[in-house]
>>> print(open('run-v2.txt').read())   # compact mmCIF, C-alpha atoms and all ligand atoms
# COMPACT_ATOMS: atom_id res chain seq x y z
CA MET U 1 -0.02 28.19 7.77
CA GLN U 2 0.36 31.17 5.51
CA SER U 3 0.44 29.05 2.41
CA THR U 4 -3.31 28.66 2.09
CA ARG U 5 -3.75 32.36 2.17
CA ARG U 6 -0.98 33.01 -0.30
CA GLY U 7 -2.47 30.33 -2.49
CA PHE U 8 -5.75 32.15 -2.41
CA ILE U 9 -4.23 35.44 -3.45
CA LYS U 10 -2.32 33.73 -6.21
CA GLN U 11 -5.42 31.97 -7.48
CA VAL U 12 -7.36 35.17 -7.66
CA ALA U 13 -4.50 37.20 -9.04
CA GLY U 14 -3.68 34.43 -11.47
CA GLY U 15 -6.74 35.11 -13.53
CA VAL U 16 -9.21 32.76 -11.93
CA VAL U 17 -11.69 35.56 -11.94
CA GLY U 18 -11.28 36.18 -15.63
CA SER U 19 -10.55 39.73 -16.59
CA LEU U 20 -10.34 40.82 -12.98
CA THR U 21 -7.15 41.92 -11.34
CA LEU U 22 -6.20 41.96 -7.75
CA ASN U 23 -4.71 45.36 -7.20
CA THR U 24 -4.53 45.48 -3.44
CA LEU U 25 -3.39 43.09 -0.77
CA PRO U 26 -5.39 41.81 2.17
CA GLY U 27 -5.74 44.23 4.98
CA THR U 28 -6.91 47.13 2.88
CA SER U 29 -10.52 48.12 2.87
CA ALA U 30 -10.69 49.12 -0.79
CA LEU U 31 -12.54 46.80 -3.10
CA PRO U 32 -9.77 44.68 -4.60
CA PHE U 33 -11.69 43.49 -7.62
CA ILE U 34 -15.18 43.16 -8.91
CA VAL U 35 -16.65 39.72 -9.16
CA SER U 36 -19.90 39.57 -11.02
CA PRO U 37 -22.61 38.01 -8.81
CA ASP U 38 -23.22 35.39 -11.50
CA ASP U 39 -19.59 34.52 -12.35
CA GLU U 40 -19.93 30.92 -11.12
CA GLU U 41 -16.31 30.02 -11.89
CA ALA U 42 -14.92 32.85 -9.77
CA TRP U 43 -17.17 31.96 -6.85
CA LYS U 44 -16.25 28.29 -7.16
CA LYS U 45 -12.63 29.25 -6.53
CA ILE U 46 -13.62 31.23 -3.49
CA ARG U 47 -15.62 28.20 -2.28
CA GLU U 48 -12.36 26.23 -2.29
CA GLN U 49 -11.17 28.44 0.55
CA PHE U 50 -13.71 26.78 2.84
CA PRO U 51 -13.17 23.34 4.39
CA LEU U 52 -16.96 23.12 4.68
CA THR U 53 -18.12 19.64 3.69
CA HIS U 54 -19.39 18.97 0.18
CA ASN U 55 -21.52 16.10 1.48
CA ARG U 56 -24.43 18.41 2.01
CA VAL U 57 -25.50 21.85 0.89
CA TYR U 58 -25.06 24.33 3.71
CA PHE U 59 -27.91 26.83 3.75
CA ASN U 60 -27.72 27.74 7.43
CA ASN U 61 -25.30 30.63 7.53
CA GLY U 62 -27.94 32.56 9.47
CA THR U 63 -27.10 30.33 12.41
CA MET U 64 -23.39 29.79 11.90
CA GLY U 65 -21.01 30.95 9.22
CA PRO U 66 -18.29 28.43 8.47
CA SER U 67 -14.81 29.95 8.44
CA PRO U 68 -12.41 29.82 5.49
CA TYR U 69 -8.85 28.48 5.74
CA PRO U 70 -7.13 31.87 6.14
CA VAL U 71 -9.22 32.51 9.27
CA ILE U 72 -8.72 29.01 10.65
CA ASP U 73 -4.99 29.27 9.97
CA ALA U 74 -4.77 32.62 11.76
CA ILE U 75 -6.49 31.15 14.83
CA LYS U 76 -4.27 28.07 14.85
CA GLN U 77 -1.15 30.14 14.47
CA ALA U 78 -2.20 32.48 17.29
CA LEU U 79 -3.05 29.55 19.56
CA VAL U 80 0.45 28.22 19.21
CA ASP U 81 1.95 31.69 19.42
CA VAL U 82 0.28 32.59 22.74
CA ASP U 83 1.56 29.44 24.39
CA THR U 84 4.96 29.73 22.79
CA ARG U 85 5.54 33.27 23.95
CA GLY U 86 3.79 32.83 27.26
CA GLU U 87 2.03 36.14 26.67
CA VAL U 88 -1.71 36.41 26.50
CA ASP U 89 -2.02 39.68 24.57
CA GLY U 90 -3.05 40.18 20.97
CA TRP U 91 -6.82 40.49 21.02
CA GLU U 92 -6.72 44.25 20.52
CA ALA U 93 -5.98 43.57 16.84
CA ALA U 94 -9.69 43.00 16.36
CA ARG U 95 -10.93 46.38 17.60
CA PRO U 96 -9.74 48.64 14.75
CA LYS U 97 -10.54 45.93 12.19
CA ALA U 98 -14.12 45.56 13.42
CA ALA U 99 -14.43 49.36 13.54
CA SER U 100 -13.22 49.78 9.96
CA PHE U 101 -15.57 47.02 8.80
CA VAL U 102 -18.61 49.01 9.94
CA LYS U 103 -17.00 52.42 9.33
CA VAL U 104 -16.83 53.79 12.86
CA ASP U 105 -14.03 54.85 15.16
CA SER U 106 -12.29 52.08 17.09
CA THR U 107 -13.00 53.99 20.32
CA GLU U 108 -16.67 53.24 19.66
CA ILE U 109 -16.21 49.47 19.55
CA SER U 110 -16.51 47.10 22.47
CA LEU U 111 -15.32 43.56 21.82
CA THR U 112 -17.89 40.97 22.87
CA HIS U 113 -18.30 37.23 22.54
CA ASN U 114 -21.58 37.14 20.63
CA THR U 115 -24.45 39.40 19.65
CA THR U 116 -26.42 38.62 22.79
CA GLU U 117 -23.68 39.99 25.01
CA GLY U 118 -23.83 43.32 23.19
CA ILE U 119 -27.61 43.32 23.49
CA ASN U 120 -27.39 42.74 27.24
CA ILE U 121 -24.88 45.58 27.64
CA VAL U 122 -27.42 47.92 26.02
CA ALA U 123 -30.55 46.47 27.63
CA TRP U 124 -29.01 46.82 31.11
CA GLY U 125 -26.97 49.94 30.47
CA LEU U 126 -29.72 52.28 29.33
CA PRO U 127 -30.99 54.42 32.21
CA LEU U 128 -34.59 53.19 32.06
CA LYS U 129 -37.07 53.33 34.89
CA ARG U 130 -40.28 51.46 35.69
CA GLY U 131 -42.96 52.22 33.09
CA ASP U 132 -40.54 53.35 30.38
CA GLU U 133 -41.39 51.77 27.03
CA VAL U 134 -39.13 50.03 24.54
CA ILE U 135 -40.23 49.01 21.05
CA LEU U 136 -39.37 45.53 19.76
CA THR U 137 -40.76 43.28 17.02
CA THR U 138 -42.77 40.08 17.38
CA HIS U 139 -40.02 38.42 15.30
CA GLU U 140 -37.17 38.55 17.79
CA HIS U 141 -34.53 35.91 18.29
CA ALA U 142 -34.23 34.85 21.94
CA GLY U 143 -31.06 36.97 21.99
CA ASN U 144 -33.01 40.23 21.59
CA ALA U 145 -36.16 39.06 23.36
CA LEU U 146 -34.83 37.70 26.65
CA PRO U 147 -32.55 40.56 27.76
CA TRP U 148 -35.39 43.06 27.34
CA LEU U 149 -37.97 40.67 28.86
CA ASN U 150 -35.60 40.22 31.77
CA ARG U 151 -35.30 43.96 32.25
CA ALA U 152 -39.10 44.19 32.11
CA HIS U 153 -39.32 41.36 34.64
CA LEU U 154 -36.77 42.79 37.07
CA ASP U 155 -37.13 46.56 36.56
CA GLY U 156 -40.67 47.02 35.28
CA ILE U 157 -39.97 48.51 31.86
CA VAL U 158 -42.73 47.92 29.30
CA LEU U 159 -42.20 46.28 25.91
CA ARG U 160 -44.36 47.28 22.94
CA THR U 161 -44.21 45.12 19.83
CA PHE U 162 -45.06 45.28 16.14
CA THR U 163 -44.81 42.72 13.35
CA PRO U 164 -42.33 43.58 10.60
CA ALA U 165 -44.21 44.39 7.39
CA SER U 166 -43.41 43.42 3.82
CA THR U 167 -42.50 47.00 2.94
CA ALA U 168 -40.16 49.48 4.59
CA GLY U 169 -42.86 52.17 4.57
CA GLU U 170 -45.37 50.04 6.43
CA THR U 171 -42.77 48.87 8.96
CA LEU U 172 -41.92 52.48 9.69
CA THR U 173 -45.60 53.35 10.12
CA ARG U 174 -46.04 50.47 12.57
CA ILE U 175 -43.11 51.72 14.66
CA SER U 176 -44.41 55.29 14.55
CA ASP U 177 -47.82 54.14 15.71
CA LEU U 178 -46.30 52.56 18.83
CA ILE U 179 -44.43 55.64 19.97
CA SER U 180 -45.98 57.19 23.08
CA PRO U 181 -44.82 59.81 25.59
CA LYS U 182 -43.35 56.89 27.59
CA THR U 183 -41.26 55.46 24.76
CA ARG U 184 -37.53 55.66 25.40
CA ALA U 185 -35.96 53.29 22.88
CA ILE U 186 -36.41 51.37 19.65
CA ALA U 187 -34.55 48.05 19.94
CA VAL U 188 -35.16 45.99 16.83
CA PRO U 189 -33.31 43.57 14.58
CA HIS U 190 -31.59 45.07 11.58
CA ILE U 191 -32.46 41.83 9.78
CA THR U 192 -34.97 39.41 11.29
CA CYS U 193 -33.87 35.86 12.05
CA THR U 194 -37.29 34.55 11.06
CA ALA U 195 -37.70 35.49 7.41
CA GLY U 196 -34.84 37.90 6.79
CA HIS U 197 -36.78 41.16 6.63
CA VAL U 198 -34.26 43.98 6.30
CA LEU U 199 -35.73 46.76 8.39
CA PRO U 200 -35.31 50.35 7.12
CA GLU U 201 -32.41 51.06 9.44
CA LYS U 202 -31.64 54.60 8.38
CA GLU U 203 -35.24 55.71 8.55
CA ILE U 204 -35.72 54.05 11.95
CA ALA U 205 -32.65 55.83 13.32
CA LYS U 206 -33.93 59.13 11.89
CA LEU U 207 -37.35 58.58 13.46
CA GLY U 208 -35.64 57.78 16.76
CA ARG U 209 -33.63 61.00 16.60
CA GLU U 210 -36.68 63.08 15.74
CA LYS U 211 -38.61 61.63 18.66
CA GLY U 212 -35.72 61.80 21.13
CA LEU U 213 -35.44 58.00 21.43
CA TRP U 214 -32.40 55.77 21.60
CA THR U 215 -32.08 53.46 18.62
CA PHE U 216 -30.47 50.07 18.91
CA PHE U 217 -30.14 47.37 16.28
CA ASP U 218 -29.66 43.68 16.92
CA GLY U 219 -27.21 43.28 14.06
CA ALA U 220 -26.61 39.53 14.29
CA HIS U 221 -27.18 39.28 10.53
CA GLY U 222 -25.84 42.64 9.39
CA PRO U 223 -22.06 42.59 8.95
CA GLY U 224 -21.00 40.24 6.19
CA MET U 225 -24.44 40.21 4.59
CA LEU U 226 -24.66 43.96 3.93
CA PRO U 227 -21.82 46.47 3.60
CA LEU U 228 -22.42 48.57 6.68
CA ASP U 229 -21.75 52.20 7.41
CA LEU U 230 -23.08 52.70 10.92
CA LYS U 231 -22.39 56.44 10.89
CA ASP U 232 -24.54 56.76 7.81
CA ILE U 233 -27.27 54.68 9.43
CA GLY U 234 -27.12 57.02 12.43
CA CYS U 235 -28.13 54.60 15.20
CA ASP U 236 -26.90 54.86 18.79
CA PHE U 237 -25.96 51.21 19.32
CA TYR U 238 -25.44 48.18 17.09
CA ALA U 239 -24.63 44.67 18.37
CA ALA U 240 -23.04 42.15 16.00
CA CYS U 241 -21.25 38.84 15.94
CA GLY U 242 -18.32 37.48 13.99
CA HIS U 243 -19.69 33.99 13.63
CA LYS U 244 -22.58 34.38 11.18
CA TRP U 245 -22.30 36.32 7.91
CA MET U 246 -18.70 37.36 8.51
CA CYS U 247 -17.74 33.66 8.68
CA GLY U 248 -15.42 34.49 11.54
CA PRO U 249 -14.43 32.69 14.73
CA LYS U 250 -17.18 31.42 16.99
CA GLY U 251 -17.34 33.30 20.25
CA THR U 252 -16.55 36.72 18.80
CA GLY U 253 -18.69 39.80 18.47
CA PHE U 254 -18.65 43.54 18.80
CA LEU U 255 -20.88 46.32 20.02
CA TYR U 256 -20.93 49.79 18.51
CA VAL U 257 -21.63 52.57 20.98
CA ARG U 258 -21.91 55.98 19.38
CA LYS U 259 -19.36 58.31 20.97
CA GLU U 260 -22.02 60.64 22.33
CA MET U 261 -23.68 57.69 24.08
CA LEU U 262 -20.61 56.63 26.07
CA ASP U 263 -21.67 58.40 29.22
CA VAL U 264 -25.35 57.62 28.72
CA LEU U 265 -24.95 53.86 28.57
CA GLN U 266 -24.02 52.71 32.05
CA ALA U 267 -21.26 50.13 32.31
CA LYS U 268 -22.65 47.46 34.62
CA PHE U 269 -19.84 44.94 34.40
CA ILE U 270 -16.31 46.27 34.53
CA GLY U 271 -12.80 45.08 35.29
CA ALA U 272 -9.25 45.46 34.05
CA TYR U 273 -8.84 47.97 31.19
CA CYS U 274 -12.20 49.70 31.84
CA ASP U 275 -10.94 52.36 34.23
CA THR U 276 -8.61 55.34 34.46
CA GLY U 277 -7.38 54.43 37.94
CA TRP U 278 -8.48 53.04 41.27
CA ASP U 279 -7.09 52.55 44.76
CA LEU U 280 -8.53 50.59 47.66
CA THR U 281 -5.77 51.55 50.07
CA THR U 282 -6.79 55.20 50.37
CA GLU U 283 -9.55 56.71 52.43
CA PRO U 284 -11.87 57.43 50.79
CA GLN U 285 -11.23 54.67 48.28
CA GLU U 286 -10.66 55.91 44.81
CA PHE U 287 -12.37 55.17 41.50
CA LYS U 288 -11.17 57.72 38.97
CA GLY U 289 -13.63 56.73 36.28
CA TYR U 290 -14.00 54.93 33.00
CA VAL U 291 -11.71 54.97 29.99
CA PRO U 292 -13.07 57.46 27.44
CA THR U 293 -13.86 54.67 24.96
CA ALA U 294 -16.25 51.75 24.49
CA HIS U 295 -13.50 49.58 25.96
CA ARG U 296 -15.20 50.36 29.29
CA PHE U 297 -17.79 47.71 28.36
CA ASP U 298 -15.27 44.86 27.88
CA TYR U 299 -12.77 43.81 30.43
CA ALA U 300 -10.12 41.40 31.61
CA THR U 301 -8.38 38.60 29.76
CA GLN U 302 -9.71 37.65 26.35
CA SER U 303 -8.95 34.85 23.93
CA ALA U 304 -6.31 36.37 21.68
CA PRO U 305 -6.56 33.59 19.05
CA VAL U 306 -10.25 34.10 18.32
CA PHE U 307 -9.97 37.87 18.15
CA ILE U 308 -6.87 37.62 15.98
CA GLY U 309 -9.06 35.30 13.89
CA LEU U 310 -11.70 38.03 13.73
CA ALA U 311 -9.10 40.49 12.43
CA ALA U 312 -8.09 37.91 9.79
CA THR U 313 -11.77 37.54 8.89
CA VAL U 314 -12.02 41.23 8.09
CA ASP U 315 -8.91 40.94 5.89
CA PHE U 316 -10.38 37.94 4.09
CA LEU U 317 -13.72 39.63 3.44
CA ASN U 318 -12.02 42.82 2.30
CA THR U 319 -9.88 40.83 -0.10
CA ILE U 320 -12.98 39.54 -1.84
CA GLY U 321 -14.83 42.81 -1.35
CA ARG U 322 -17.75 43.49 0.96
CA GLU U 323 -19.93 44.66 -1.95
CA ASN U 324 -19.06 41.58 -4.01
CA ILE U 325 -19.99 39.28 -1.15
CA SER U 326 -23.20 41.10 -0.42
CA GLN U 327 -24.29 41.16 -4.05
CA ARG U 328 -23.50 37.48 -4.49
CA SER U 329 -25.31 36.26 -1.38
CA ARG U 330 -28.32 38.44 -2.16
CA ALA U 331 -28.37 37.36 -5.81
CA LEU U 332 -28.53 33.72 -4.68
CA ALA U 333 -31.41 34.48 -2.33
CA ALA U 334 -33.25 36.53 -4.96
CA HIS U 335 -32.88 33.64 -7.38
CA LEU U 336 -34.30 31.22 -4.82
CA GLN U 337 -37.15 33.56 -3.98
CA SER U 338 -38.12 33.96 -7.63
CA LYS U 339 -38.04 30.17 -8.14
CA LEU U 340 -40.28 29.68 -5.11
CA LEU U 341 -42.65 32.42 -6.21
CA GLU U 342 -43.15 30.47 -9.45
CA LEU U 343 -44.98 27.91 -7.29
CA GLY U 344 -47.77 30.44 -6.78
CA ASP U 345 -50.23 29.70 -4.00
CA ARG U 346 -48.61 26.37 -3.19
CA ILE U 347 -46.28 28.27 -0.89
CA ASP U 348 -46.48 31.21 1.52
CA MET U 349 -43.57 33.53 0.91
CA LEU U 350 -42.69 35.25 4.20
CA THR U 351 -39.71 37.25 2.99
CA PRO U 352 -40.48 40.65 1.47
CA THR U 353 -40.07 40.98 -2.28
CA GLU U 354 -39.31 44.70 -2.00
CA GLU U 355 -35.66 45.12 -2.99
CA GLY U 356 -34.50 47.11 0.03
CA SER U 357 -36.40 44.91 2.48
CA ARG U 358 -34.81 41.58 1.58
CA GLY U 359 -31.27 40.29 1.97
CA ALA U 360 -29.80 36.81 1.82
CA ILE U 361 -32.42 34.93 3.84
CA VAL U 362 -35.58 33.41 2.37
CA GLY U 363 -38.42 32.29 4.65
CA PHE U 364 -41.47 30.41 3.44
CA ARG U 365 -44.03 27.68 4.14
CA ILE U 366 -45.16 24.87 1.90
CA LYS U 367 -48.93 24.58 2.09
CA LYS U 368 -48.96 20.81 1.58
CA MET U 369 -46.29 19.84 4.08
CA PRO U 370 -45.66 20.86 7.70
CA TYR U 371 -42.39 22.69 8.10
CA ASP U 372 -40.80 20.09 10.37
CA ARG U 373 -41.59 17.24 7.98
CA PHE U 374 -40.07 19.23 5.17
CA GLY U 375 -37.02 19.79 7.36
CA GLN U 376 -36.52 16.05 7.67
CA TYR U 377 -37.07 15.55 3.98
CA ALA U 378 -34.64 18.30 3.01
CA ALA U 379 -32.04 16.83 5.37
CA LYS U 380 -32.40 13.46 3.66
CA LYS U 381 -31.86 15.17 0.34
CA GLY U 382 -28.64 16.69 1.69
CA PHE U 383 -29.68 20.26 2.59
CA ARG U 384 -28.88 21.94 5.90
CA ILE U 385 -31.58 24.52 6.47
CA ARG U 386 -33.16 26.12 9.57
CA LEU U 387 -36.69 25.61 10.78
CA VAL U 388 -38.46 28.55 12.39
CA PRO U 389 -40.87 27.69 15.20
CA GLU U 390 -40.29 31.17 16.65
CA SER U 391 -43.25 33.52 16.79
CA HIS U 392 -45.45 30.52 15.83
CA LEU U 393 -44.28 30.98 12.26
CA ASN U 394 -43.63 27.27 11.71
CA SER U 395 -41.71 28.04 8.58
CA ILE U 396 -38.59 27.16 6.64
CA ARG U 397 -35.53 29.39 6.46
CA VAL U 398 -32.79 29.25 3.86
CA SER U 399 -29.67 31.41 4.14
CA THR U 400 -27.52 31.77 1.05
CA HIS U 401 -23.95 32.98 1.30
CA PHE U 402 -21.06 33.52 -1.06
CA TYR U 403 -19.80 29.93 -0.81
CA ASN U 404 -23.13 28.66 -2.19
CA SER U 405 -23.79 28.22 -5.89
CA MET U 406 -26.72 28.87 -8.22
CA GLU U 407 -26.74 25.16 -8.93
CA GLU U 408 -27.32 24.40 -5.22
CA VAL U 409 -30.16 26.89 -5.16
CA ASP U 410 -31.73 25.33 -8.26
CA ARG U 411 -31.48 21.86 -6.74
CA PHE U 412 -33.14 23.01 -3.55
CA ALA U 413 -35.92 24.77 -5.48
CA GLU U 414 -36.58 21.49 -7.31
CA VAL U 415 -37.00 19.66 -3.99
CA VAL U 416 -39.52 22.25 -2.83
CA LYS U 417 -41.34 22.03 -6.15
CA GLU U 418 -41.54 18.27 -5.93
CA VAL U 419 -43.08 18.45 -2.45
CA ALA U 420 -45.34 21.44 -3.08
C1 LIG U 501 -31.52 38.16 14.98
C2 LIG U 501 -30.62 37.44 15.94
N1 LIG U 501 -30.27 38.06 17.08
C3 LIG U 501 -29.45 37.50 17.97
C4 LIG U 501 -28.95 36.25 17.77
C5 LIG U 501 -28.02 35.66 18.78
O1 LIG U 501 -26.75 35.71 18.26
P1 LIG U 501 -25.48 35.31 19.13
O2 LIG U 501 -25.46 33.84 19.21
O3 LIG U 501 -24.35 35.90 18.37
O4 LIG U 501 -25.65 35.92 20.46
C6 LIG U 501 -29.29 35.55 16.60
C7 LIG U 501 -28.75 34.21 16.35
O5 LIG U 501 -29.18 33.48 15.48
C8 LIG U 501 -30.15 36.16 15.67
O6 LIG U 501 -30.52 35.54 14.55
>>> encode(input="run-v2.txt", output="C-alpha cells", more="lines below")
Ligand SMILES: Cc1ncc(COP(=O)(O)O)c(C=O)c1O
Amino acid sequence: MQSTRRGFIKQVAGGVVGSLTLNTLPGTSALPFIVSPDDEEAWKKIREQFPLTHNRVYFNNGTMGPSPYPVIDAIKQALVDVDTRGEVDGWEAARPKAASFVKVDSTEISLTHNTTEGINIVAWGLPLKRGDEVILTTHEHAGNALPWLNRAHLDGIVLRTFTPASTAGETLTRISDLISPKTRAIAVPHITCTAGHVLPEKEIAKLGREKGLWTFFDGAHGPGMLPLDLKDIGCDFYAACGHKWMCGPKGTGFLYVRKEMLDVLQAKFIGAYCDTGWDLTTEPQEFKGYVPTAHRFDYATQSAPVFIGLAATVDFLNTIGRENISQRSRALAAHLQSKLLELGDRIDMLTPTEEGSRGAIVGFRIKKMPYDRFGQYAAKKGFRIRLVPESHLNSIRVSTHFYNSMEEVDRFAEVVKEVA
C-alpha cells in the first residue's frame, strides 16, 4: 500500500522535476519544491499518480476531483484496519489537517460530508428572523441556493440577489447596493460553479465587517484550487468539500466557523461528542452545554477511512505544494481562455479575464452551436466537460486541474475552433 507513495517521493526526489529537490517529506506544510507551471515533464510524472483513465480527457474537476493513488491507498488501508482492530476511531486525523490546509485553528473546523452540509449548518444556525435579508448571487449551485430558499420558505427570511460581474470592483459595488437596514448576512460562492468567477473574498468580508453583517462563503471550489488563508480573508464561515479541487475522498468536507462565531451559530443537530455533559436521570434533567469548539456541529460515528483519506489528501497536496498546484491549474485555464478568446465574436466568454477574478474554470458559449449539442460532440471527441443549464446560462464549463496537460487544452481548443 505504501509503495505507491514511496514511489512517488522517489520519482520526484530522483530528479524527475529537473533541477528541483524535494527537501521535506509529506505531512509538512512547507512548499517542498517549485514546479514551474509549464514544466510539462514534471506534471506528467504527477499525472502518473492518478488512476484516472487516459481514454478521455477529464475536464470536470469542478464536479468531482479524482483521487491519486496515495489517497486511495490510505483509504483502503484504513478500511482494512478498522475491521481488523474492531475499533471505529481514526477520523479525528482529518480535523487538524483540514485546519492547517486553510490556516485556521483545528477548534474552528467541523468535519462534514460535503459542502452542502456545511452550508445547511450555517443557513439554519444563524439567528435570523422573518424579514431579515441575506445576499446571494444569481449564479448559485443548488447547494447554496436550496438551504437558503428553504429557510426563506419555512422561516420567512428574504433573499436578495446580484449577478457576479466581470470585475471584482463591480461585484463589490453590486453587493454594496443590495445592503439595506434589514441585511444580516452575505452568503455567496467564493468561486461560482457556473463560469468560475472568483469573488473578491477579502473585500467582501471587509464590507461585511464594516456593515455588521455575517459573511459566509460557499467554498466548494476554493481549497485545492487556491491556496487559502481564511484568517487573512476574514470571513465568519467557509464551507468546503474534499472531493473537488483537493482530489480527496468523496463524502468528505469541512466547515470553518470563526472562533468568535461559535456561540452565535446555533447547533441544530447534535449528538455524541458535541456536549460537555448531560444526564436524563436527574430532576431537572441536565444539559451542561456544548464543547467549546466547532466539533459541536458534527456528531456521532463517522467513516474513519474517508477522513483518514482526507488527511492523506492534505499530505499529498502539500508534497506537491499548494502554490504549485494552484499556479498550474490556473495556467492551464488561462491558456484555454486565451485560445478561446482568439475566436473573437464566435464565442461568448463568461469567465472574467481580470487576473484576480478568474481561477481554473472557464465558462463560455459557442454562438453557432447550442451548448448541449456541443456537449455531445465533445464527449464523442473524448472530453468530459460540464454543461451549465443553471441560471439559464446554457453554457459550457471546463475545469482544468494539475493532472491535465497543455496538450489536452490545445486539443480541446481545436475542437471548439472547428465547431465555432
Ligand atoms: C459552488 C458549489 N457549491 C456547492 C456545491 C455542492 O457541493 P457538495 O456536493 O460538496 O455539497 C457545488 C458542487 O458542484 C458547487 O459547485
>>> residues_near_ligand(input="run-v2.txt", ligand="ligand LIG 501 (chain U)", cutoff="7 Å", atoms="all atoms listed in the file", output="ChimeraX atom specification")
/U:62-63,114-117,140-144,189,191-193,218-221,240-241,243,253
>>> write_last_selection(input="run-v2.txt", atoms="C-alpha atoms", output="JSON list (two decimals), keeping the file's coordinate frame")
[["chain", "number", "residue", "atom", "x", "y", "z"],
["U", 62, "GLY", "CA", -27.94, 32.56, 9.47],
["U", 63, "THR", "CA", -27.10, 30.33, 12.41],
["U", 114, "ASN", "CA", -21.58, 37.14, 20.63],
["U", 115, "THR", "CA", -24.45, 39.40, 19.65],
["U", 116, "THR", "CA", -26.42, 38.62, 22.79],
["U", 117, "GLU", "CA", -23.68, 39.99, 25.01],
["U", 140, "GLU", "CA", -37.17, 38.55, 17.79],
["U", 141, "HIS", "CA", -34.53, 35.91, 18.29],
["U", 142, "ALA", "CA", -34.23, 34.85, 21.94],
["U", 143, "GLY", "CA", -31.06, 36.97, 21.99],
["U", 144, "ASN", "CA", -33.01, 40.23, 21.59],
["U", 189, "PRO", "CA", -33.31, 43.57, 14.58],
["U", 191, "ILE", "CA", -32.46, 41.83, 9.78],
["U", 192, "THR", "CA", -34.97, 39.41, 11.29],
["U", 193, "CYS", "CA", -33.87, 35.86, 12.05],
["U", 218, "ASP", "CA", -29.66, 43.68, 16.92],
["U", 219, "GLY", "CA", -27.21, 43.28, 14.06],
["U", 220, "ALA", "CA", -26.61, 39.53, 14.29],
["U", 221, "HIS", "CA", -27.18, 39.28, 10.53],
["U", 240, "ALA", "CA", -23.04, 42.15, 16.00],
["U", 241, "CYS", "CA", -21.25, 38.84, 15.94],
["U", 243, "HIS", "CA", -19.69, 33.99, 13.63],
["U", 253, "GLY", "CA", -18.69, 39.80, 18.47]]
>>> atom_distance(input="run-v2.txt", atom1="CA of Lys381 in chain U", atom2="CA of Gly222 in chain U")
29.5 Å
>>> axis_aligned_box(input="run-v2.txt", around="range 321-332 of chain U", padding_each_side="8 Å", output="JSON")
{"center_x": -21.7, "center_y": 39.2, "center_z": -2.4, "size_x": 29.7, "size_y": 26.9, "size_z": 22.8}
>>> residues_around(input="run-v2.txt", residues="Ala304 in chain U", least_positions_apart="4", cutoff="12 Å", atoms="only C-alpha atoms", output="list in words")
Ala74, Ile75, Lys76, Gln77, Ala78, Leu79, Val80, Asp81, Val82, Asp83, Glu87, Val88, Asp89, Gly90, Trp91, Glu92, Ala93, Ala94, Arg95, Leu111, Pro249, Gly251, Thr252, Ala300, Ile308, Gly309, Leu310 and Ala311 of chain U
>>> write_last_selection(input="run-v2.txt", atoms="C-alpha atoms", output="CSV table (one decimal), keeping the file's coordinate frame")
chain,number,residue,atom,x,y,z
U,74,ALA,CA,-4.8,32.6,11.8
U,75,ILE,CA,-6.5,31.2,14.8
U,76,LYS,CA,-4.3,28.1,14.8
U,77,GLN,CA,-1.2,30.1,14.5
U,78,ALA,CA,-2.2,32.5,17.3
U,79,LEU,CA,-3.0,29.6,19.6
U,80,VAL,CA,0.4,28.2,19.2
U,81,ASP,CA,2.0,31.7,19.4
U,82,VAL,CA,0.3,32.6,22.7
U,83,ASP,CA,1.6,29.4,24.4
U,87,GLU,CA,2.0,36.1,26.7
U,88,VAL,CA,-1.7,36.4,26.5
U,89,ASP,CA,-2.0,39.7,24.6
U,90,GLY,CA,-3.0,40.2,21.0
U,91,TRP,CA,-6.8,40.5,21.0
U,92,GLU,CA,-6.7,44.2,20.5
U,93,ALA,CA,-6.0,43.6,16.8
U,94,ALA,CA,-9.7,43.0,16.4
U,95,ARG,CA,-10.9,46.4,17.6
U,111,LEU,CA,-15.3,43.6,21.8
U,249,PRO,CA,-14.4,32.7,14.7
U,251,GLY,CA,-17.3,33.3,20.2
U,252,THR,CA,-16.6,36.7,18.8
U,300,ALA,CA,-10.1,41.4,31.6
U,308,ILE,CA,-6.9,37.6,16.0
U,309,GLY,CA,-9.1,35.3,13.9
U,310,LEU,CA,-11.7,38.0,13.7
U,311,ALA,CA,-9.1,40.5,12.4
>>> atom_distance(input="run-v2.txt", atom1="CA of Ser166 in chain U", atom2="CA of Ala195 in chain U")
10.4 Å
>>> closest_residue(input="run-v2.txt", among="U:Val416, U:Leu332, U:Cys235, U:Val306", to="Tyr377 in chain U", atoms="only C-alpha atoms")
U:Val416
>>> residues_around(input="run-v2.txt", residues="Lys339 in chain U", least_positions_apart="4", cutoff="8 Å", atoms="all atoms listed in the file", output="ChimeraX atom specification")
/U:335,343,410,413
>>> closest_residue(input="run-v2.txt", among="U:Asp279, U:Asp298, U:Asp232, U:Glu133", to="Ile121 in chain U", atoms="all atoms listed in the file")
U:Asp298
>>> residues_around(input="run-v2.txt", residues="Gly212 in chain U", least_positions_apart="3", cutoff="9 Å", atoms="only C-alpha atoms", output="list in words")
Arg184, Ala185, Leu207, Gly208 and Arg209 of chain U
>>> closest_residue(input="run-v2.txt", among="U:Asp73, U:Glu40, U:Glu355, U:Asp229", to="Arg330 in chain U", atoms="only C-alpha atoms")
U:Glu355
>>> residues_around(input="run-v2.txt", residues="Tyr238 in chain U", least_positions_apart="5", cutoff="9 Å", atoms="only C-alpha atoms", output="list in words")
Gly118, Ile119, His190, Thr215, Phe216, Phe217, Asp218, Gly219, Leu230, Phe254, Leu255, Tyr256, Val257 and Arg258 of chain U
>>> atom_distance(input="run-v2.txt", atom1="CA of Val71 in chain U", atom2="CA of Leu317 in chain U")
10.2 Å
>>> closest_residue(input="run-v2.txt", among="U:Glu108, U:Asp38, U:Glu414, U:Glu201", to="Met261 in chain U", atoms="all atoms listed in the file")
U:Glu108
>>> closest_residue(input="run-v2.txt", among="U:Gly86, U:Gly356, U:Gly289, U:Gly248", to="Asp315 in chain U", atoms="only C-alpha atoms")
U:Gly248
>>> closest_residue(input="run-v2.txt", among="U:Val102, U:Ile385, U:Ala272, U:Ile347", to="Met64 in chain U", atoms="only C-alpha atoms")
U:Ile385
>>> residues_around(input="run-v2.txt", residues="Pro66 in chain U", least_positions_apart="3", cutoff="9 Å", atoms="only C-alpha atoms", output="MDAnalysis selection string")
chainID U and resid 50:52 61 243:249
>>> residues_near_point(input="run-v2.txt", point="(-18.2, 61.7, 25.4)", cutoff="12 Å", atoms="only C-alpha atoms", output="list in words")
Thr107, Glu108, Val257, Arg258, Lys259, Glu260, Met261, Leu262, Asp263, Val264, Leu265, Tyr290, Val291, Pro292, Thr293 and Ala294 of chain U
